[in-house]
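See below for the structure under consideration.
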Amino acid sequence: MDELLRSGAPAGDPATAWARRRDDYRLVGPLNRHKFSVIVVGTGLAGAGTAAALGELGYRVHAFTFHDAPRRAHSVAAQGGINAARARKVDNDSVRRFVADTVKGGDFRGREADAFRLAEESVRVIDHLNALGAPFAREYGGALATRSFGGVQVSRTYYTRGQTGQQLQVAASGALQRQVAAGNVTLHTRQEMLDLIVADGRAQGIVVRDLVTGEIGAQTAHAVVLATGGYGTVFFQSTLARNSNATAAWRAHRRGALLASPSFVQFHPTALPVNAPWQTKTTLMSESLRNDGRIWVPSRAGDDRPANTISEDERDYYLERKYPTYGNLTPRDVASRAAREQIEAGHGVGPLRNSVYLDFADARARLGKAVLAERYGNLFDMYRDATGEDPYEVPMRIAPAAHFTMGGLWSDYDLMTSIPGLFVGGEAGWGYHGANRLGANSLLSACVDGWFTLPYSVPNYLAGLLGEPVLASDHDAVRQAATDVHARIEALTGIGGTTGPAVFHRELGEILYRGCGVARSAAGLRTALDEIDALSRRFWSDLRVTGGTGAFNQQLEHAGRVADFLELARLMCLDALDRDESCGAHFRTEHQTADGEALRNDDDWCFASAWETTPDGTAVRHREPLTFDAVGLTTRNYR
């Protein structure tokens, strides 16, 4: 049954909602905090921030990661910067302008009150990270430097060359390790969460597998925080690390946590194109490059001359032509669709004709090579290492690739999911970005969740559990969850087929790129659903997992993740088929304006879809109505 969900955001002006909500939160006194135990899964920016902050406050924290060290979390991969509405450039930026850009960039499919919290706390985030030692770029006089990103007309992005995620992760990991050394946080490495323990209607622990020994174990606590990142690797070839996956969030979903807007997937417009059929992932080139690079294709379809031999009057700077106000800094969904249109129309470049040019010749002539090296040197080096081409001399070749997932576990304003006691942070959640994330808001949302939201909202929940013991390790719910994990592993290893999990994963990615990619249609989505069902049947009848279950076995890890990907992919396509409109990165070809822009339907679809999967696998949609009081519903226009 389609039920309405409540956001839990305080009524009234969304600009003051966060301050009013914080004032209403219940507190846990310093002498009682050590009585509470909290599990944090994931040690990226959201997870490390949450664990470090709660540990600093005096709570007993168990931090889990499947990496060998917290600093290896995928937050390191973000390159271009982190946004903050500090208005230090005197370019008329403000909190309200930040909110307007974020809500509009998400095509009015995110929660407005959450966007205000993101903007408000962004000011504190930069000072906090700077104090932790993040080496932000600075102006000559010492002030922190900023640059622009897509979808905005101001300069609000703070950065550390093209290594922002890496440097922020190093700082956050240092803060986490300080709490580990102090004895406030127990760090569990090489542990993958395979199930959620739900008892008495609330989350009270997790089941994990030791990736080295294969041992199945459980950890119980008063609350659980999932900060496990996004699920872009469902597409097989994505900008994410190969080990990034959806299992923790999906297992929580199968225990009852609603999953919001799973079809809202961002395709990054400046990834390196796929160059060979054996390639297993794509490589991200920061959107910050669009500050100085100009995107173009040959005006004549099929023109295969070297880029530098094509004259200016034979080039189509199509973003500058179509969107003169924003030009090359159009939002990612708009830029990706425009690139796809050019490639499909025969204007693609490169050996496989599957990319467009990102050209720095004008910037080099205007600024000089030294300035470009100062701003983007490590990115240019990475491009040269990956392609053998020098971007100082020839244009880069870029193409859209699966990247960030705006969908995730549904949570209320307090970041608590539909399962009491289960919280979510960072990309694993859904609330801020709507149908399209603006560049440099990902690092920000992870930091705001980890450092400045969950450390308030989790204690508010814990305050009602004072005196409650941690769930016993031999409780029936713990035993049952562990039994379920063992049964699933045995099911995967007992198939005895002939095909490894990577083959199924690659086929799934091809299905999704065709049917649920940059553009979708009802017919294509129905075909994709049929293909996913057929692939799932083959997977469960022909999967081959070599090696044993009681030891290090990466094929077994991959098999479990692919099994979850198959179920998730089906829900993604179902959500995309169900949402009969175009909005942001969800572009249904049946719903577009005369000039090819996304055509939203606010009368029927101004809500967030939050999906439940019943025990028999049936998907049930619930809705959270979305209201916009500060940023009026308008048609996006970047022209």
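Ordered as shown in the structure tokens, chains take letters A, B, and onward, while each chain numbers its residues from 1 and ligands are numbered from 1 in the order shown.
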
Residues near region 600-611 of chain A, cut-off 6 Å, only C-alpha atoms, skip fewer than 3 positions along chain, as a CSV table (one decimal) with C-alpha atoms, in the first residue's frame:
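Result written to result31.csv:
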```csv
chain,number,residue,atom,x,y,z
A,258,LEU,CA,13.1,2.0,2.8
A,259,LEU,CA,15.2,2.9,-0.3
A,260,ALA,CA,14.6,6.3,-1.8
A,261,SER,CA,14.8,7.2,-5.5
A,581,GLU,CA,8.5,12.3,-15.8
A,582,SER,CA,11.9,13.8,-16.5
A,583,CYS,CA,13.8,15.4,-13.7
A,620,VAL,CA,6.0,-1.3,-2.7
A,621,ARG,CA,6.3,2.4,-3.2
A,622,HIS,CA,5.8,4.9,-0.4
A,623,ARG,CA,5.9,8.7,-0.8
A,624,GLU,CA,7.3,11.7,1.0
A,625,PRO,CA,5.6,14.8,-0.4
A,626,LEU,CA,8.1,17.6,-1.2
```

Contacts of Leu633 (chain A) within 12 Å, only C-alpha atoms, excl. fewer than 3 positions in-chain, as a list in words: Ala100, Val103, Lys104, Gly105, Gly106, Asp107, Phe108, Arg109, Glu112, Arg600, Asn601, Asp602, Asp603, Cys606, Leu626, Thr627, Phe628, Asp629, Ala630 and Arg636 of chain A

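By chain and then residue number, the residues within 12 Å of Ala534 (chain A) are A:Phe504, A:Glu507, A:Leu508, A:Ile511, A:Thr527, A:Ala528, A:Leu529, A:Asp530, A:Glu531, A:Arg537, A:Arg538, A:Phe539, A:Trp540, A:Ser541, A:Asp542, A:Leu566, A:Arg570, counting only C-alpha atoms and disregarding those fewer than 3 positions away in sequence.
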
Residue neighbourhood region 391-394 of chain A, 9 Å, only C-alpha atoms, exclusion window fewer than 3 positions, as a list in words: Pro306, Ala307, Asn308, Leu358, Asp359, Phe360, Ala361, Arg364, Lys369, Leu372, Phe380, Asp381, Tyr383 and Arg384 of chain A

Secondary structure check, strand (DSSP E or B) residues of region 226-303 of chain A, as a ChimeraX atom specification: /A:226,238,259-260,265-271,284,294-298

For the residues selected in the previous step, produce a file with C-alpha atoms as a PDB file, in the first residue's frame.
```pdb
ATOM      1  CA  LEU A 226      25.570   3.238   7.874  1.00  0.00           C
ATOM      2  CA  SER A 238      31.914   3.467 -13.127  1.00  0.00           C
ATOM      3  CA  LEU A 259      15.238   2.888  -0.254  1.00  0.00           C
ATOM      4  CA  ALA A 260      14.562   6.288  -1.797  1.00  0.00           C
ATOM      5  CA  VAL A 265      22.069   8.177 -10.668  1.00  0.00           C
ATOM      6  CA  GLN A 266      24.482  10.861 -11.787  1.00  0.00           C
ATOM      7  CA  PHE A 267      26.608  10.386 -14.879  1.00  0.00           C
ATOM      8  CA  HIS A 268      29.734  12.489 -14.573  1.00  0.00           C
ATOM      9  CA  PRO A 269      30.425  14.425 -17.784  1.00  0.00           C
ATOM     10  CA  THR A 270      34.208  14.515 -17.403  1.00  0.00           C
ATOM     11  CA  ALA A 271      35.247  10.888 -17.036  1.00  0.00           C
ATOM     12  CA  LEU A 284      37.179  10.474 -13.064  1.00  0.00           C
ATOM     13  CA  ARG A 294      36.359  24.376 -23.144  1.00  0.00           C
ATOM     14  CA  ILE A 295      34.264  21.435 -24.368  1.00  0.00           C
ATOM     15  CA  TRP A 296      33.796  20.918 -28.091  1.00  0.00           C
ATOM     16  CA  VAL A 297      33.315  18.465 -30.935  1.00  0.00           C
ATOM     17  CA  PRO A 298      33.998  18.755 -34.668  1.00  0.00           C
TER      18      PRO A 298
END
```

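Every protein or nucleic acid residue with an atom no more than 7 Å from region 46-63 of chain A, counting only C-alpha atoms and leaving out same-chain residues fewer than 6 positions away, appears here: Arg33, His34, Phe36, Ser37, Val38, Ile39, Val40, Ala172, Ser173, Ala175, Leu176, Gln179, Asn184, Val185, Thr186, Leu187, His188, Ala227, Gly425, Gly426, Ala446, Cys447, Asp449, Gly450, Trp451, Leu454 and Pro455 of chain A.
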
Deliver the residues from the most recent selection as a file, using C-alpha atoms, as a short mmCIF file (atom, residue, chain, number, x, y, z; two decimals), in the first residue's frame.
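The resulting out30.cif:
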```cif
data_model
loop_
_atom_site.label_atom_id
_atom_site.label_comp_id
_atom_site.auth_asym_id
_atom_site.auth_seq_id
_atom_site.Cartn_x
_atom_site.Cartn_y
_atom_site.Cartn_z
CA ARG A 33 27.60 8.61 27.49
CA HIS A 34 29.96 5.72 28.19
CA PHE A 36 25.91 3.72 25.17
CA SER A 37 27.46 1.80 22.30
CA VAL A 38 27.17 2.89 18.66
CA ILE A 39 28.23 1.01 15.52
CA VAL A 40 29.47 3.06 12.55
CA ALA A 172 39.31 12.83 9.08
CA SER A 173 41.19 9.55 9.44
CA ALA A 175 40.86 12.48 13.94
CA LEU A 176 39.40 8.97 14.00
CA GLN A 179 39.94 8.42 19.23
CA ASN A 184 36.95 5.63 22.72
CA VAL A 185 36.65 3.97 19.29
CA THR A 186 37.30 0.30 18.54
CA LEU A 187 38.37 -0.04 14.93
CA HIS A 188 37.47 -3.22 13.02
CA ALA A 227 28.02 5.45 6.00
CA GLY A 425 25.15 9.35 6.44
CA GLY A 426 26.88 10.52 3.28
CA ALA A 446 29.38 13.68 3.96
CA CYS A 447 31.14 16.10 6.31
CA ASP A 449 26.35 14.43 8.21
CA GLY A 450 29.42 13.08 9.97
CA TRP A 451 30.62 16.04 11.98
CA LEU A 454 24.65 12.64 13.42
CA PRO A 455 26.56 13.70 16.57
#
```

Among region 317-353 of chain A, which ones does DSSP assign to alpha helix (DSSP H) (computed from the backbone)? Answer as a ChimeraX atom specification. /A:318-322,332-342

Output N, CA and C atoms for every residue in the selection just made, as an mmCIF file, in the first residue's frame.
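Output (result-v2.cif):
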```cif
data_model
loop_
_atom_site.group_PDB
_atom_site.id
_atom_site.type_symbol
_atom_site.label_atom_id
_atom_site.label_comp_id
_atom_site.auth_asym_id
_atom_site.auth_seq_id
_atom_site.Cartn_x
_atom_site.Cartn_y
_atom_site.Cartn_z
ATOM 1 N N TYR A 318 29.522 23.279 -28.007
ATOM 2 C CA TYR A 318 28.078 23.122 -27.949
ATOM 3 C C TYR A 318 27.472 23.573 -26.624
ATOM 4 N N LEU A 319 28.198 23.437 -25.514
ATOM 5 C CA LEU A 319 27.645 23.930 -24.247
ATOM 6 C C LEU A 319 27.591 25.453 -24.236
ATOM 7 N N GLU A 320 28.612 26.086 -24.764
ATOM 8 C CA GLU A 320 28.612 27.548 -24.845
ATOM 9 C C GLU A 320 27.532 28.039 -25.813
ATOM 10 N N ARG A 321 27.285 27.239 -26.841
ATOM 11 C CA ARG A 321 26.246 27.619 -27.813
ATOM 12 C C ARG A 321 24.853 27.437 -27.226
ATOM 13 N N LYS A 322 24.612 26.322 -26.559
ATOM 14 C CA LYS A 322 23.271 26.031 -26.069
ATOM 15 C C LYS A 322 22.954 26.733 -24.752
ATOM 16 N N ARG A 332 25.897 18.833 -14.063
ATOM 17 C CA ARG A 332 26.405 17.585 -14.610
ATOM 18 C C ARG A 332 25.378 16.848 -15.464
ATOM 19 N N ASP A 333 24.124 16.833 -15.033
ATOM 20 C CA ASP A 333 23.137 16.098 -15.816
ATOM 21 C C ASP A 333 22.954 16.731 -17.184
ATOM 22 N N VAL A 334 22.940 18.052 -17.228
ATOM 23 C CA VAL A 334 22.776 18.761 -18.502
ATOM 24 C C VAL A 334 23.987 18.522 -19.398
ATOM 25 N N ALA A 335 25.197 18.641 -18.830
ATOM 26 C CA ALA A 335 26.410 18.445 -19.617
ATOM 27 C C ALA A 335 26.527 17.008 -20.126
ATOM 28 N N SER A 336 26.127 16.045 -19.311
ATOM 29 C CA SER A 336 26.216 14.638 -19.728
ATOM 30 C C SER A 336 25.243 14.337 -20.854
ATOM 31 N N ARG A 337 24.019 14.845 -20.737
ATOM 32 C CA ARG A 337 23.048 14.610 -21.822
ATOM 33 C C ARG A 337 23.506 15.261 -23.115
ATOM 34 N N ALA A 338 24.067 16.471 -22.991
ATOM 35 C CA ALA A 338 24.527 17.163 -24.194
ATOM 36 C C ALA A 338 25.665 16.395 -24.859
ATOM 37 N N ALA A 339 26.581 15.847 -24.061
ATOM 38 C CA ALA A 339 27.672 15.054 -24.635
ATOM 39 C C ALA A 339 27.131 13.799 -25.306
ATOM 40 N N ARG A 340 26.186 13.148 -24.666
ATOM 41 C CA ARG A 340 25.586 11.947 -25.241
ATOM 42 C C ARG A 340 24.928 12.261 -26.583
ATOM 43 N N GLU A 341 24.233 13.387 -26.658
ATOM 44 C CA GLU A 341 23.589 13.782 -27.915
ATOM 45 C C GLU A 341 24.615 13.951 -29.024
ATOM 46 N N GLN A 342 25.741 14.604 -28.710
ATOM 47 C CA GLN A 342 26.769 14.822 -29.724
ATOM 48 C C GLN A 342 27.389 13.502 -30.179
#
```

Near Arg26 (chain A), within 10 Å and counting only C-alpha atoms, which residues show up once chain neighbours fewer than 6 positions away are dropped, as a PDB file with all heavy atoms, in the first residue's frame?
```
ATOM      1  N   TYR A 456      24.512  15.064  16.780  1.00  0.00           N
ATOM      2  CA  TYR A 456      23.368  15.626  17.498  1.00  0.00           C
ATOM      3  C   TYR A 456      22.192  14.648  17.528  1.00  0.00           C
ATOM      4  O   TYR A 456      21.555  14.447  18.563  1.00  0.00           O
ATOM      5  CB  TYR A 456      22.895  16.927  16.839  1.00  0.00           C
ATOM      6  CG  TYR A 456      23.834  18.091  16.950  1.00  0.00           C
ATOM      7  CD1 TYR A 456      24.475  18.593  15.825  1.00  0.00           C
ATOM      8  CD2 TYR A 456      24.056  18.715  18.171  1.00  0.00           C
ATOM      9  CE1 TYR A 456      25.328  19.679  15.918  1.00  0.00           C
ATOM     10  CE2 TYR A 456      24.908  19.811  18.263  1.00  0.00           C
ATOM     11  CZ  TYR A 456      25.540  20.288  17.128  1.00  0.00           C
ATOM     12  OH  TYR A 456      26.389  21.359  17.228  1.00  0.00           O
ATOM     13  N   SER A 457      21.883  14.072  16.358  1.00  0.00           N
ATOM     14  CA  SER A 457      20.644  13.291  16.245  1.00  0.00           C
ATOM     15  C   SER A 457      20.761  11.904  16.860  1.00  0.00           C
ATOM     16  O   SER A 457      19.777  11.387  17.401  1.00  0.00           O
ATOM     17  CB  SER A 457      20.221  13.179  14.774  1.00  0.00           C
ATOM     18  OG  SER A 457      21.183  12.494  13.997  1.00  0.00           O
ATOM     19  N   VAL A 458      21.930  11.283  16.806  1.00  0.00           N
ATOM     20  CA  VAL A 458      22.086   9.963  17.418  1.00  0.00           C
ATOM     21  C   VAL A 458      21.911  10.043  18.938  1.00  0.00           C
ATOM     22  O   VAL A 458      21.167   9.248  19.526  1.00  0.00           O
ATOM     23  CB  VAL A 458      23.430   9.320  17.027  1.00  0.00           C
ATOM     24  CG1 VAL A 458      23.671   8.043  17.833  1.00  0.00           C
ATOM     25  CG2 VAL A 458      23.457   8.997  15.531  1.00  0.00           C
ATOM     26  N   PRO A 459      22.547  10.989  19.642  1.00  0.00           N
ATOM     27  CA  PRO A 459      22.290  11.103  21.082  1.00  0.00           C
ATOM     28  C   PRO A 459      20.831  11.386  21.420  1.00  0.00           C
ATOM     29  O   PRO A 459      20.339  10.934  22.466  1.00  0.00           O
ATOM     30  CB  PRO A 459      23.199  12.264  21.507  1.00  0.00           C
ATOM     31  CG  PRO A 459      24.330  12.217  20.534  1.00  0.00           C
ATOM     32  CD  PRO A 459      23.678  11.840  19.233  1.00  0.00           C
ATOM     33  N   ASN A 460      20.150  12.132  20.562  1.00  0.00           N
ATOM     34  CA  ASN A 460      18.725  12.371  20.796  1.00  0.00           C
ATOM     35  C   ASN A 460      17.965  11.052  20.854  1.00  0.00           C
ATOM     36  O   ASN A 460      17.069  10.860  21.689  1.00  0.00           O
ATOM     37  CB  ASN A 460      18.166  13.258  19.678  1.00  0.00           C
ATOM     38  CG  ASN A 460      16.653  13.385  19.742  1.00  0.00           C
ATOM     39  OD1 ASN A 460      16.099  13.964  20.667  1.00  0.00           O
ATOM     40  ND2 ASN A 460      15.984  12.827  18.735  1.00  0.00           N
ATOM     41  N   TYR A 461      18.320  10.114  19.983  1.00  0.00           N
ATOM     42  CA  TYR A 461      17.701   8.783  19.998  1.00  0.00           C
ATOM     43  C   TYR A 461      18.159   7.982  21.217  1.00  0.00           C
ATOM     44  O   TYR A 461      17.346   7.340  21.906  1.00  0.00           O
ATOM     45  CB  TYR A 461      18.053   8.040  18.709  1.00  0.00           C
ATOM     46  CG  TYR A 461      17.690   6.581  18.713  1.00  0.00           C
ATOM     47  CD1 TYR A 461      16.380   6.167  18.512  1.00  0.00           C
ATOM     48  CD2 TYR A 461      18.659   5.607  18.940  1.00  0.00           C
ATOM     49  CE1 TYR A 461      16.039   4.819  18.521  1.00  0.00           C
ATOM     50  CE2 TYR A 461      18.331   4.260  18.947  1.00  0.00           C
ATOM     51  CZ  TYR A 461      17.016   3.871  18.739  1.00  0.00           C
ATOM     52  OH  TYR A 461      16.686   2.543  18.766  1.00  0.00           O
ATOM     53  N   LEU A 462      19.443   8.037  21.514  1.00  0.00           N
ATOM     54  CA  LEU A 462      19.978   7.252  22.622  1.00  0.00           C
ATOM     55  C   LEU A 462      19.406   7.688  23.964  1.00  0.00           C
ATOM     56  O   LEU A 462      19.274   6.866  24.888  1.00  0.00           O
ATOM     57  CB  LEU A 462      21.508   7.372  22.653  1.00  0.00           C
ATOM     58  CG  LEU A 462      22.273   6.797  21.460  1.00  0.00           C
ATOM     59  CD1 LEU A 462      23.758   7.089  21.594  1.00  0.00           C
ATOM     60  CD2 LEU A 462      22.027   5.304  21.313  1.00  0.00           C
ATOM     61  N   ALA A 463      19.050   8.961  24.085  1.00  0.00           N
ATOM     62  CA  ALA A 463      18.545   9.461  25.365  1.00  0.00           C
ATOM     63  C   ALA A 463      17.326   8.686  25.840  1.00  0.00           C
ATOM     64  O   ALA A 463      17.100   8.548  27.045  1.00  0.00           O
ATOM     65  CB  ALA A 463      18.214  10.953  25.244  1.00  0.00           C
ATOM     66  N   GLY A 464      16.549   8.166  24.905  1.00  0.00           N
ATOM     67  CA  GLY A 464      15.368   7.391  25.266  1.00  0.00           C
ATOM     68  C   GLY A 464      15.667   5.957  25.634  1.00  0.00           C
ATOM     69  O   GLY A 464      14.748   5.205  25.982  1.00  0.00           O
TER      70      GLY A 464
END
```
